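Asker: This is the content of start-v4.pdb (PDB, C-alpha atoms, pLDDT in the B column):
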```
ATOM      1  CA  TYR A  85      10.181 -32.487 -22.510  1.00 72.00           C
ATOM      2  CA  THR A  86      11.363 -30.837 -25.710  1.00 79.00           C
ATOM      3  CA  VAL A  87      10.724 -33.965 -27.811  1.00 86.00           C
ATOM      4  CA  ILE A  88       7.259 -34.514 -26.326  1.00 84.00           C
ATOM      5  CA  SER A  89       6.452 -30.841 -26.860  1.00 85.00           C
ATOM      6  CA  MET A  90       7.466 -31.053 -30.517  1.00 89.00           C
ATOM      7  CA  VAL A  91       5.608 -34.325 -31.147  1.00 91.00           C
ATOM      8  CA  THR A  92       2.364 -33.181 -29.528  1.00 90.00           C
ATOM      9  CA  GLY A  93       2.585 -29.819 -31.283  1.00 91.00           C
ATOM     10  CA  ILE A  94       3.042 -31.480 -34.683  1.00 94.00           C
ATOM     11  CA  CYS A  95       0.199 -33.912 -33.951  1.00 93.00           C
ATOM     12  CA  ALA A  96      -2.090 -31.046 -32.938  1.00 92.00           C
ATOM     13  CA  LEU A  97      -1.281 -29.113 -36.109  1.00 94.00           C
ATOM     14  CA  ALA A  98      -1.736 -32.191 -38.317  1.00 94.00           C
ATOM     15  CA  MET A  99      -5.098 -33.070 -36.743  1.00 93.00           C
ATOM     16  CA  LEU A 100      -6.317 -29.490 -37.024  1.00 93.00           C
ATOM     17  CA  ILE A 101      -5.353 -29.274 -40.705  1.00 94.00           C
ATOM     18  CA  ALA A 102      -6.924 -32.677 -41.450  1.00 93.00           C
ATOM     19  CA  TRP A 103     -10.151 -31.731 -39.644  1.00 92.00           C
ATOM     20  CA  LEU A 104     -10.413 -28.356 -41.400  1.00 92.00           C
ATOM     21  CA  LEU A 105      -9.744 -29.977 -44.782  1.00 92.00           C
ATOM     22  CA  TRP A 106     -12.415 -32.591 -44.028  1.00 90.00           C
ATOM     23  CA  ILE A 107     -14.858 -29.790 -43.277  1.00 89.00           C
ATOM     24  CA  ALA A 108     -13.921 -27.593 -46.253  1.00 87.00           C
ATOM     25  CA  LEU A 109     -13.389 -30.194 -48.990  1.00 87.00           C
ATOM     26  CA  GLY A 110     -16.042 -32.670 -47.886  1.00 81.00           C
ATOM     27  CA  ASN A 111     -18.857 -30.145 -47.381  1.00 82.00           C
ATOM     28  CA  ASN A 112     -19.025 -31.105 -43.713  1.00 85.00           C
ATOM     29  CA  GLU A 113     -19.842 -27.722 -42.198  1.00 86.00           C
ATOM     30  CA  TRP A 114     -22.055 -27.872 -39.133  1.00 84.00           C
ATOM     31  CA  ASP A 115     -25.383 -27.287 -40.852  1.00 84.00           C
ATOM     32  CA  THR A 116     -28.751 -28.990 -41.224  1.00 82.00           C
ATOM     33  CA  GLU A 117     -27.509 -31.441 -43.865  1.00 85.00           C
ATOM     34  CA  THR A 118     -24.579 -32.551 -41.707  1.00 85.00           C
ATOM     35  CA  ARG A 119     -26.822 -32.986 -38.672  1.00 85.00           C
ATOM     36  CA  LYS A 120     -29.246 -35.119 -40.661  1.00 85.00           C
ATOM     37  CA  ARG A 121     -26.375 -37.262 -41.941  1.00 87.00           C
ATOM     38  CA  LEU A 122     -25.148 -37.762 -38.377  1.00 86.00           C
ATOM     39  CA  VAL A 123     -28.669 -38.648 -37.270  1.00 85.00           C
ATOM     40  CA  GLN A 124     -28.861 -41.319 -39.974  1.00 85.00           C
ATOM     41  CA  ASN A 125     -25.474 -42.774 -39.047  1.00 85.00           C
ATOM     42  CA  CYS A 126     -25.999 -42.565 -35.271  1.00 81.00           C
ATOM     43  CA  GLY A 127     -29.617 -43.599 -34.920  1.00 78.00           C
ATOM     44  CA  GLU A 128     -28.745 -45.692 -31.843  1.00 83.00           C
ATOM     45  CA  VAL A 129     -28.227 -42.476 -29.891  1.00 84.00           C
ATOM     46  CA  TYR A 130     -31.908 -41.576 -30.251  1.00 82.00           C
ATOM     47  CA  GLU A 131     -32.949 -45.144 -29.486  1.00 81.00           C
ATOM     48  CA  HIS A 132     -31.231 -45.122 -26.085  1.00 81.00           C
ATOM     49  CA  VAL A 133     -31.186 -41.467 -24.997  1.00 82.00           C
ATOM     50  CA  TYR A 134     -34.690 -41.618 -23.478  1.00 82.00           C
ATOM     51  CA  PRO A 135     -35.146 -44.490 -21.016  1.00 82.00           C
ATOM     52  CA  HIS A 136     -38.937 -44.759 -21.352  1.00 82.00           C
ATOM     53  CA  MET A 137     -39.092 -45.334 -25.090  1.00 83.00           C
ATOM     54  CA  GLU A 138     -37.075 -45.184 -28.282  1.00 83.00           C
ATOM     55  CA  LEU A 139     -37.118 -41.809 -29.980  1.00 82.00           C
ATOM     56  CA  ASP A 140     -37.350 -41.187 -33.685  1.00 82.00           C
ATOM     57  CA  TYR A 141     -35.684 -38.001 -34.903  1.00 82.00           C
ATOM     58  CA  ASP A 142     -38.290 -37.197 -37.567  1.00 81.00           C
ATOM     59  CA  LYS A 143     -41.199 -37.918 -35.245  1.00 83.00           C
ATOM     60  CA  HIS A 144     -39.952 -36.544 -31.926  1.00 81.00           C
ATOM     61  CA  CYS A 145     -36.909 -34.309 -32.355  1.00 81.00           C
ATOM     62  CA  GLU A 146     -37.170 -32.498 -35.673  1.00 81.00           C
ATOM     63  CA  LEU A 147     -37.910 -28.781 -35.445  1.00 79.00           C
ATOM     64  CA  GLY A 148     -41.664 -28.344 -35.176  1.00 79.00           C
ATOM     65  CA  ALA A 149     -42.329 -32.008 -34.344  1.00 80.00           C
ATOM     66  CA  ASP A 150     -45.887 -32.634 -33.146  1.00 82.00           C
ATOM     67  CA  LEU A 151     -45.787 -33.908 -29.554  1.00 82.00           C
ATOM     68  CA  SER A 152     -49.420 -33.141 -28.736  1.00 82.00           C
ATOM     69  CA  ALA A 153     -50.129 -36.844 -28.177  1.00 82.00           C
ATOM     70  CA  TYR A 154     -48.022 -36.720 -25.001  1.00 82.00           C
ATOM     71  CA  SER A 155     -48.610 -34.945 -21.706  1.00 84.00           C
ATOM     72  CA  SER A 156     -46.879 -31.612 -21.118  1.00 84.00           C
ATOM     73  CA  ALA A 157     -44.470 -33.221 -18.643  1.00 85.00           C
ATOM     74  CA  LYS A 158     -43.549 -35.960 -21.096  1.00 86.00           C
ATOM     75  CA  GLN A 159     -43.140 -33.401 -23.883  1.00 82.00           C
ATOM     76  CA  GLY A 160     -40.538 -31.629 -21.754  1.00 85.00           C
ATOM     77  CA  GLU A 161     -38.733 -34.908 -21.099  1.00 85.00           C
ATOM     78  CA  ILE A 162     -38.705 -35.776 -24.806  1.00 84.00           C
ATOM     79  CA  ARG A 163     -37.371 -32.337 -25.773  1.00 86.00           C
ATOM     80  CA  SER A 164     -34.680 -32.649 -23.109  1.00 84.00           C
ATOM     81  CA  ALA A 165     -33.707 -36.086 -24.434  1.00 84.00           C
ATOM     82  CA  CYS A 166     -33.569 -34.694 -27.983  1.00 85.00           C
ATOM     83  CA  THR A 167     -31.276 -31.910 -26.786  1.00 84.00           C
ATOM     84  CA  THR A 168     -29.034 -34.483 -25.129  1.00 82.00           C
ATOM     85  CA  ALA A 169     -28.861 -36.535 -28.331  1.00 84.00           C
ATOM     86  CA  ALA A 170     -28.028 -33.411 -30.345  1.00 85.00           C
ATOM     87  CA  THR A 171     -25.229 -32.606 -27.881  1.00 82.00           C
ATOM     88  CA  VAL A 172     -23.792 -36.111 -28.284  1.00 83.00           C
ATOM     89  CA  LEU A 173     -23.832 -35.749 -32.067  1.00 85.00           C
ATOM     90  CA  PHE A 174     -22.069 -32.388 -31.849  1.00 85.00           C
ATOM     91  CA  LEU A 175     -19.395 -33.896 -29.581  1.00 82.00           C
ATOM     92  CA  VAL A 176     -18.866 -36.638 -32.157  1.00 84.00           C
ATOM     93  CA  TYR A 177     -18.511 -33.974 -34.846  1.00 87.00           C
ATOM     94  CA  ALA A 178     -16.122 -31.825 -32.774  1.00 86.00           C
ATOM     95  CA  SER A 179     -14.080 -34.644 -31.221  1.00 86.00           C
ATOM     96  CA  PRO A 180     -11.033 -33.992 -33.482  1.00 89.00           C
ATOM     97  CA  PHE A 181     -10.930 -30.411 -32.211  1.00 89.00           C
ATOM     98  CA  VAL A 182     -11.049 -31.693 -28.615  1.00 84.00           C
ATOM     99  CA  ALA A 183      -8.044 -33.902 -29.423  1.00 88.00           C
ATOM    100  CA  VAL A 184      -6.266 -30.865 -30.899  1.00 91.00           C
ATOM    101  CA  CYS A 185      -6.889 -28.868 -27.706  1.00 86.00           C
ATOM    102  CA  CYS A 186      -5.577 -31.700 -25.501  1.00 83.00           C
ATOM    103  CA  ASN A 187      -2.403 -31.948 -27.584  1.00 88.00           C
ATOM    104  CA  VAL A 188      -1.901 -28.172 -27.482  1.00 88.00           C
ATOM    105  CA  VAL A 189      -2.222 -28.138 -23.686  1.00 81.00           C
ATOM    106  CA  LEU A 190       0.279 -31.002 -23.369  1.00 81.00           C
ATOM    107  CA  CYS A 191       2.617 -29.303 -25.854  1.00 85.00           C
ATOM    108  CA  LEU A 192       2.580 -26.005 -23.941  1.00 81.00           C
ATOM    109  CA  PHE A 193       2.989 -27.771 -20.603  1.00 76.00           C
ATOM    110  CA  CYS A 194       6.055 -29.720 -21.778  1.00 77.00           C
ATOM    111  CA  PHE A 195       7.480 -26.632 -23.488  1.00 79.00           C
ATOM    112  CA  LEU A 196       7.201 -24.581 -20.306  1.00 73.00           C
ATOM    113  CA  GLN A 197       8.636 -27.333 -18.122  1.00 71.00           C
ATOM    114  CA  GLY A 198      11.492 -28.436 -20.338  1.00 68.00           C
ATOM    115  CA  VAL A 199      12.481 -25.299 -22.220  1.00 63.00           C
ATOM    116  CA  VAL A 200      11.379 -22.214 -20.307  1.00 59.00           C
ATOM    117  CA  LEU A 201      11.956 -23.192 -16.676  1.00 58.00           C
ATOM    118  CA  GLY A 202      15.430 -24.627 -17.225  1.00 55.00           C
ATOM    119  CA  ASP A 203      17.529 -26.771 -14.881  1.00 53.00           C
ATOM    120  CA  ILE A 204      15.732 -28.747 -12.174  1.00 51.00           C
ATOM    121  CA  ASN A 205      18.593 -28.066  -9.774  1.00 55.00           C
ATOM    122  CA  ASP A 206      17.792 -24.363  -9.882  1.00 56.00           C
ATOM    123  CA  PHE A 207      16.075 -23.415  -6.606  1.00 55.00           C
ATOM    124  CA  ASN A 208      13.835 -20.875  -8.331  1.00 66.00           C
ATOM    125  CA  ARG A 209      12.564 -23.555 -10.677  1.00 64.00           C
ATOM    126  CA  VAL A 210      11.622 -25.773  -7.752  1.00 65.00           C
ATOM    127  CA  GLN A 211       9.532 -22.945  -6.347  1.00 67.00           C
ATOM    128  CA  LYS A 212       7.921 -22.344  -9.738  1.00 69.00           C
ATOM    129  CA  ILE A 213       7.037 -26.034 -10.076  1.00 69.00           C
ATOM    130  CA  LEU A 214       5.460 -26.062  -6.619  1.00 68.00           C
ATOM    131  CA  LYS A 215       3.491 -22.921  -7.456  1.00 70.00           C
ATOM    132  CA  GLN A 216       2.299 -24.557 -10.679  1.00 70.00           C
ATOM    133  CA  PHE A 217       1.241 -27.613  -8.700  1.00 70.00           C
ATOM    134  CA  VAL A 218      -0.800 -25.427  -6.343  1.00 73.00           C
ATOM    135  CA  VAL A 219      -2.443 -23.715  -9.326  1.00 73.00           C
ATOM    136  CA  MET A 220      -3.291 -27.101 -10.848  1.00 72.00           C
ATOM    137  CA  VAL A 221      -4.839 -28.267  -7.571  1.00 73.00           C
ATOM    138  CA  VAL A 222      -6.933 -25.082  -7.427  1.00 77.00           C
ATOM    139  CA  LEU A 223      -8.059 -25.658 -11.025  1.00 73.00           C
ATOM    140  CA  CYS A 224      -9.004 -29.249 -10.165  1.00 71.00           C
ATOM    141  CA  ILE A 225     -11.043 -28.046  -7.197  1.00 75.00           C
ATOM    142  CA  GLY A 226     -12.711 -25.440  -9.407  1.00 73.00           C
ATOM    143  CA  GLY A 227     -13.495 -28.165 -11.929  1.00 69.00           C
ATOM    144  CA  VAL A 228     -15.035 -30.329  -9.203  1.00 69.00           C
ATOM    145  CA  TYR A 229     -17.233 -27.397  -8.166  1.00 69.00           C
ATOM    146  CA  ALA A 230     -18.267 -26.814 -11.776  1.00 66.00           C
ATOM    147  CA  SER A 231     -19.032 -30.488 -12.368  1.00 63.00           C
ATOM    148  CA  VAL A 232     -21.225 -30.656  -9.283  1.00 65.00           C
ATOM    149  CA  ASN A 233     -23.074 -27.371  -9.749  1.00 63.00           C
ATOM    150  CA  LEU A 234     -22.960 -26.496 -13.435  1.00 53.00           C
ATOM    151  CA  SER A 235     -22.999 -29.773 -15.377  1.00 54.00           C
ATOM    152  CA  SER A 236     -26.097 -30.296 -17.456  1.00 52.00           C
ATOM    153  CA  ALA A 237     -28.623 -32.472 -15.666  1.00 46.00           C
ATOM    154  CA  SER A 238     -29.789 -33.976 -18.938  1.00 45.00           C
ATOM    155  CA  PHE A 239     -26.313 -34.873 -20.160  1.00 52.00           C
ATOM    156  CA  LYS A 240     -25.162 -36.287 -16.796  1.00 57.00           C
ATOM    157  CA  LEU A 241     -21.492 -35.475 -17.242  1.00 58.00           C
ATOM    158  CA  GLY A 242     -20.859 -34.843 -13.548  1.00 62.00           C
ATOM    159  CA  ALA A 243     -19.473 -38.300 -12.731  1.00 67.00           C
ATOM    160  CA  THR A 244     -17.321 -38.350 -15.867  1.00 67.00           C
ATOM    161  CA  ILE A 245     -15.851 -34.921 -15.134  1.00 69.00           C
ATOM    162  CA  LEU A 246     -15.179 -35.883 -11.504  1.00 71.00           C
ATOM    163  CA  ALA A 247     -13.369 -39.059 -12.582  1.00 75.00           C
ATOM    164  CA  PHE A 248     -11.283 -37.092 -15.096  1.00 73.00           C
ATOM    165  CA  LEU A 249     -10.353 -34.467 -12.492  1.00 73.00           C
ATOM    166  CA  ALA A 250      -9.458 -37.126  -9.918  1.00 79.00           C
ATOM    167  CA  ALA A 251      -7.168 -38.806 -12.450  1.00 80.00           C
ATOM    168  CA  ALA A 252      -5.660 -35.415 -13.359  1.00 77.00           C
ATOM    169  CA  PHE A 253      -4.985 -34.670  -9.676  1.00 77.00           C
ATOM    170  CA  VAL A 254      -3.176 -37.999  -9.233  1.00 81.00           C
ATOM    171  CA  VAL A 255      -1.125 -37.330 -12.375  1.00 78.00           C
ATOM    172  CA  PHE A 256      -0.203 -33.836 -11.114  1.00 73.00           C
ATOM    173  CA  LEU A 257       0.807 -35.269  -7.741  1.00 74.00           C
ATOM    174  CA  VAL A 258       2.993 -37.992  -9.235  1.00 78.00           C
ATOM    175  CA  TRP A 259       4.489 -35.556 -11.760  1.00 73.00           C
ATOM    176  CA  ALA A 260       5.409 -33.002  -9.088  1.00 69.00           C
ATOM    177  CA  PHE A 261       7.017 -35.631  -6.876  1.00 71.00           C
ATOM    178  CA  PHE A 262       9.110 -37.223  -9.617  1.00 73.00           C
ATOM    179  CA  GLU A 263       9.969 -33.910 -11.236  1.00 69.00           C
ATOM    180  CA  VAL A 264      11.354 -32.396  -8.048  1.00 66.00           C
ATOM    181  CA  GLY A 265      12.290 -35.421  -5.924  1.00 64.00           C
ATOM    182  CA  SER A 266      12.052 -35.896  -2.172  1.00 65.00           C
ATOM    183  CA  ASN A 267      15.606 -34.743  -1.442  1.00 68.00           C
ATOM    184  CA  THR A 268      15.156 -31.523  -3.385  1.00 64.00           C
ATOM    185  CA  LEU A 269      11.828 -30.902  -1.655  1.00 62.00           C
ATOM    186  CA  GLU A 270      13.396 -31.331   1.780  1.00 65.00           C
ATOM    187  CA  LYS A 271      16.273 -29.031   0.862  1.00 66.00           C
ATOM    188  CA  ALA A 272      13.964 -26.390  -0.566  1.00 61.00           C
ATOM    189  CA  ALA A 273      11.685 -26.578   2.467  1.00 62.00           C
ATOM    190  CA  SER A 274      14.624 -25.973   4.786  1.00 67.00           C
ATOM    191  CA  GLU A 275      15.771 -22.943   2.773  1.00 63.00           C
ATOM    192  CA  SER A 276      12.452 -21.224   2.117  1.00 61.00           C
ATOM    193  CA  LYS A 277       9.470 -20.623   4.382  1.00 62.00           C
ATOM    194  CA  TYR A 278       7.164 -20.385   1.371  1.00 56.00           C
ATOM    195  CA  THR A 279       8.329 -23.756   0.052  1.00 57.00           C
ATOM    196  CA  HIS A 280       8.007 -25.226   3.546  1.00 58.00           C
ATOM    197  CA  ILE A 281       4.371 -24.103   3.637  1.00 59.00           C
ATOM    198  CA  LEU A 282       3.680 -25.634   0.208  1.00 56.00           C
ATOM    199  CA  VAL A 283       5.338 -28.913   1.113  1.00 55.00           C
TER     200      VAL A 283
END
```
Once you've parsed the file, please lay out its structure as structure tokens.

Answerer:
Amino acid sequence: YTVISMVTGICALAMLIAWLLWIALGNNEWDTETRKRLVQNCGEVYEHVYPHMELDYDKHCELGADLSAYSSAKQGEIRSACTTAATVLFLVYASPFVAVCCNVVLCLFCFLQGVVLGDINDFNRVQKILKQFVVMVVLCIGGVYASVNLSSASFKLGATILAFLAAAFVVFLVWAFFEVGSNTLEKAASESKYTHILV
């Protein structure tokens, strides 16, 4: 745990520094010029974001674009597709920061498990691990609710978020089992009513 925590922490710091230097030294701040450069390099996004026709950024998505040739319903669909494409481009731009956040979460998780909680044979640690597992399950359920009810209809991330949460739940389940072990779980359940309820 300690080694993984150190490695992921160093990776997160290195990626964050590299990303910030790329922004500062390469004039890559999130502004109009950067967006236009991304549009030029990722034109396929606008070609496929709207199923009924290929979109052109200058013609359909630029601020103040004239869409009077289309019906009001189709204008709304085109604007929604342009918003979706802009969101994809921003995710491409911010993807290093997403990687930094994932590494930080993994670093903190391993640090808490390996350094803070201590020996696995400690009964109090077993209870803490089981409580953490319950919290993770609750967070997964909350994420499922959010993906179903709050995900953007235009971006259609619901299925992706659900798949990610399902994989995370399986990982949490396997981690809790191997971290504690069946014998320790049975022993803890026999000694504590709370642990028995969790198990």

Asker: Nearest residue to Gly148 in chain A out of A:Pro135, A:Arg163, A:Ser89, A:Ala96, using only C-alpha atoms?

Answerer: A:Arg163

Asker: Given the choices A:Cys191, A:Ala183, A:Leu196, A:Val254, which gets closest to Gly93 in chain A if the distance is worked out from all atoms listed in the file?

Answerer: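 Counting all atoms listed in the file, the residue closest to Gly93 in chain A is A:Cys191.
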
Asker: Need the shell around Met90 in chain A: protein/DNA/RNA residues with any atom at most 12 Å away, counting only C-alpha atoms. Skip same-chain ones fewer than 6 positions apart. Format as a ChimeraX atom specification?

Answerer: /A:96-97,187-188,190-195,198-199

Asker: Give me a file of those residues, with C-alpha atoms, as a PDB file, in the coordinates of the input.

Answerer:
```
ATOM      1  CA  ALA A  96      -2.090 -31.046 -32.938  1.00 92.00           C
ATOM      2  CA  LEU A  97      -1.281 -29.113 -36.109  1.00 94.00           C
ATOM      3  CA  ASN A 187      -2.403 -31.948 -27.584  1.00 88.00           C
ATOM      4  CA  VAL A 188      -1.901 -28.172 -27.482  1.00 88.00           C
ATOM      5  CA  LEU A 190       0.279 -31.002 -23.369  1.00 81.00           C
ATOM      6  CA  CYS A 191       2.617 -29.303 -25.854  1.00 85.00           C
ATOM      7  CA  LEU A 192       2.580 -26.005 -23.941  1.00 81.00           C
ATOM      8  CA  PHE A 193       2.989 -27.771 -20.603  1.00 76.00           C
ATOM      9  CA  CYS A 194       6.055 -29.720 -21.778  1.00 77.00           C
ATOM     10  CA  PHE A 195       7.480 -26.632 -23.488  1.00 79.00           C
ATOM     11  CA  GLY A 198      11.492 -28.436 -20.338  1.00 68.00           C
ATOM     12  CA  VAL A 199      12.481 -25.299 -22.220  1.00 63.00           C
TER      13      VAL A 199
END
```

Asker: Which of these residues is nearest to Ile225 in chain A, using only C-alpha atoms: A:Tyr154, A:Tyr134, A:Phe261, A:Phe253?

Answerer: A:Phe253

Asker: Check which residues satisfy the PyMOL selection byres ((chain A and resi 172-178) around 8) in the file shown, then give them as number ranges by chain.

Answerer: A: 119, 122-123, 126, 129, 168-171, 179-182

Asker: Grab the residues selected above and save them as an mmCIF file, in the coordinates of the input with C-alpha atoms.

Answerer:
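The resulting file, result.cif, is reproduced below:
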```
data_model
loop_
_atom_site.group_PDB
_atom_site.id
_atom_site.type_symbol
_atom_site.label_atom_id
_atom_site.label_comp_id
_atom_site.auth_asym_id
_atom_site.auth_seq_id
_atom_site.Cartn_x
_atom_site.Cartn_y
_atom_site.Cartn_z
ATOM 1 C CA ARG A 119 -26.822 -32.986 -38.672
ATOM 2 C CA LEU A 122 -25.148 -37.762 -38.377
ATOM 3 C CA VAL A 123 -28.669 -38.648 -37.270
ATOM 4 C CA CYS A 126 -25.999 -42.565 -35.271
ATOM 5 C CA VAL A 129 -28.227 -42.476 -29.891
ATOM 6 C CA THR A 168 -29.034 -34.483 -25.129
ATOM 7 C CA ALA A 169 -28.861 -36.535 -28.331
ATOM 8 C CA ALA A 170 -28.028 -33.411 -30.345
ATOM 9 C CA THR A 171 -25.229 -32.606 -27.881
ATOM 10 C CA SER A 179 -14.080 -34.644 -31.221
ATOM 11 C CA PRO A 180 -11.033 -33.992 -33.482
ATOM 12 C CA PHE A 181 -10.930 -30.411 -32.211
ATOM 13 C CA VAL A 182 -11.049 -31.693 -28.615
#
```

Asker: What gap, in Å, lies between CA of Leu147 in chain A and CA of Ile107 in chain A?

Answerer: 24.4 Å

Asker: What gap, in Å, lies between CA of Ala98 in chain A and CA of Cys185 in chain A?

Answerer: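 Computing it gives 12.3 Å between the two atoms.
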
Asker: Which of these, A:Cys166, A:Val222, A:Ala250, A:Val184, has the shortest distance to Cys95 in chain A once you count all atoms listed in the file?

Answerer: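 Closest residue, counting all atoms listed in the file: A:Val184.
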
Asker: A:Leu105, A:Met137, A:Met220, A:Leu100: which is nearest Glu161 in chain A, counting only C-alpha atoms?

Answerer: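 Looking only at the distances to Glu161 in chain A, the closest residue turns out to be A:Met137.
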
Asker: Counting only C-alpha atoms, which of A:Val133, A:Val221, A:Val91, A:Ala108 gets nearest to Phe256 in chain A?

Answerer: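 Checking each candidate against Phe256 in chain A, we get A:Val221 as the closest.
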
Asker: Give, as AutoDock Vina command-line options, the centre coordinates and the x, y and z edge lengths in Å to one decimal for an axis-aligned box around all listed atoms of range 218-224 of chain A, padded by 5 Å on each side.

Answerer:
```
--center_x -4.9 --center_y -26.5 --center_z -8.7 --size_x 18.2 --size_y 15.5 --size_z 14.7
```

Asker: Give me range 142-154 of chain A with N, CA, C and O atoms filled in, as a PDB file, in the frame of the given file.

Answerer:
```pdb
ATOM      1  N   ASP A 142     -37.271 -37.862 -36.749  1.00 81.00           N
ATOM      2  CA  ASP A 142     -38.290 -37.197 -37.567  1.00 81.00           C
ATOM      3  C   ASP A 142     -39.590 -37.012 -36.806  1.00 81.00           C
ATOM      4  O   ASP A 142     -40.284 -36.004 -36.978  1.00 81.00           O
ATOM      5  N   LYS A 143     -39.913 -37.956 -35.935  1.00 83.00           N
ATOM      6  CA  LYS A 143     -41.199 -37.918 -35.245  1.00 83.00           C
ATOM      7  C   LYS A 143     -41.143 -37.095 -33.962  1.00 83.00           C
ATOM      8  O   LYS A 143     -42.109 -36.393 -33.626  1.00 83.00           O
ATOM      9  N   HIS A 144     -40.004 -37.160 -33.250  1.00 81.00           N
ATOM     10  CA  HIS A 144     -39.952 -36.544 -31.926  1.00 81.00           C
ATOM     11  C   HIS A 144     -39.019 -35.334 -31.824  1.00 81.00           C
ATOM     12  O   HIS A 144     -39.258 -34.452 -30.987  1.00 81.00           O
ATOM     13  N   CYS A 145     -37.966 -35.290 -32.609  1.00 81.00           N
ATOM     14  CA  CYS A 145     -36.909 -34.309 -32.355  1.00 81.00           C
ATOM     15  C   CYS A 145     -36.735 -33.258 -33.445  1.00 81.00           C
ATOM     16  O   CYS A 145     -36.033 -32.269 -33.228  1.00 81.00           O
ATOM     17  N   GLU A 146     -37.323 -33.482 -34.601  1.00 81.00           N
ATOM     18  CA  GLU A 146     -37.170 -32.498 -35.673  1.00 81.00           C
ATOM     19  C   GLU A 146     -37.860 -31.197 -35.275  1.00 81.00           C
ATOM     20  O   GLU A 146     -38.843 -31.193 -34.534  1.00 81.00           O
ATOM     21  N   LEU A 147     -37.341 -30.080 -35.769  1.00 79.00           N
ATOM     22  CA  LEU A 147     -37.910 -28.781 -35.445  1.00 79.00           C
ATOM     23  C   LEU A 147     -39.372 -28.736 -35.868  1.00 79.00           C
ATOM     24  O   LEU A 147     -39.726 -29.007 -37.005  1.00 79.00           O
ATOM     25  N   GLY A 148     -40.236 -28.402 -34.909  1.00 79.00           N
ATOM     26  CA  GLY A 148     -41.664 -28.344 -35.176  1.00 79.00           C
ATOM     27  C   GLY A 148     -42.363 -29.680 -35.077  1.00 79.00           C
ATOM     28  O   GLY A 148     -43.508 -29.817 -35.533  1.00 79.00           O
ATOM     29  N   ALA A 149     -41.715 -30.681 -34.480  1.00 80.00           N
ATOM     30  CA  ALA A 149     -42.329 -32.008 -34.344  1.00 80.00           C
ATOM     31  C   ALA A 149     -43.580 -31.916 -33.468  1.00 80.00           C
ATOM     32  O   ALA A 149     -43.614 -31.196 -32.467  1.00 80.00           O
ATOM     33  N   ASP A 150     -44.611 -32.649 -33.856  1.00 82.00           N
ATOM     34  CA  ASP A 150     -45.887 -32.634 -33.146  1.00 82.00           C
ATOM     35  C   ASP A 150     -45.840 -33.620 -31.980  1.00 82.00           C
ATOM     36  O   ASP A 150     -45.815 -34.830 -32.176  1.00 82.00           O
ATOM     37  N   LEU A 151     -45.814 -33.080 -30.767  1.00 82.00           N
ATOM     38  CA  LEU A 151     -45.787 -33.908 -29.554  1.00 82.00           C
ATOM     39  C   LEU A 151     -47.087 -33.795 -28.772  1.00 82.00           C
ATOM     40  O   LEU A 151     -47.128 -34.085 -27.575  1.00 82.00           O
ATOM     41  N   SER A 152     -48.146 -33.375 -29.435  1.00 82.00           N
ATOM     42  CA  SER A 152     -49.420 -33.141 -28.736  1.00 82.00           C
ATOM     43  C   SER A 152     -50.020 -34.421 -28.183  1.00 82.00           C
ATOM     44  O   SER A 152     -50.882 -34.365 -27.296  1.00 82.00           O
ATOM     45  N   ALA A 153     -49.586 -35.573 -28.675  1.00 82.00           N
ATOM     46  CA  ALA A 153     -50.129 -36.844 -28.177  1.00 82.00           C
ATOM     47  C   ALA A 153     -49.616 -37.170 -26.783  1.00 82.00           C
ATOM     48  O   ALA A 153     -50.143 -38.072 -26.121  1.00 82.00           O
ATOM     49  N   TYR A 154     -48.605 -36.450 -26.310  1.00 82.00           N
ATOM     50  CA  TYR A 154     -48.022 -36.720 -25.001  1.00 82.00           C
ATOM     51  C   TYR A 154     -48.404 -35.619 -24.018  1.00 82.00           C
ATOM     52  O   TYR A 154     -48.761 -34.504 -24.418  1.00 82.00           O
TER      53      TYR A 154
END
```
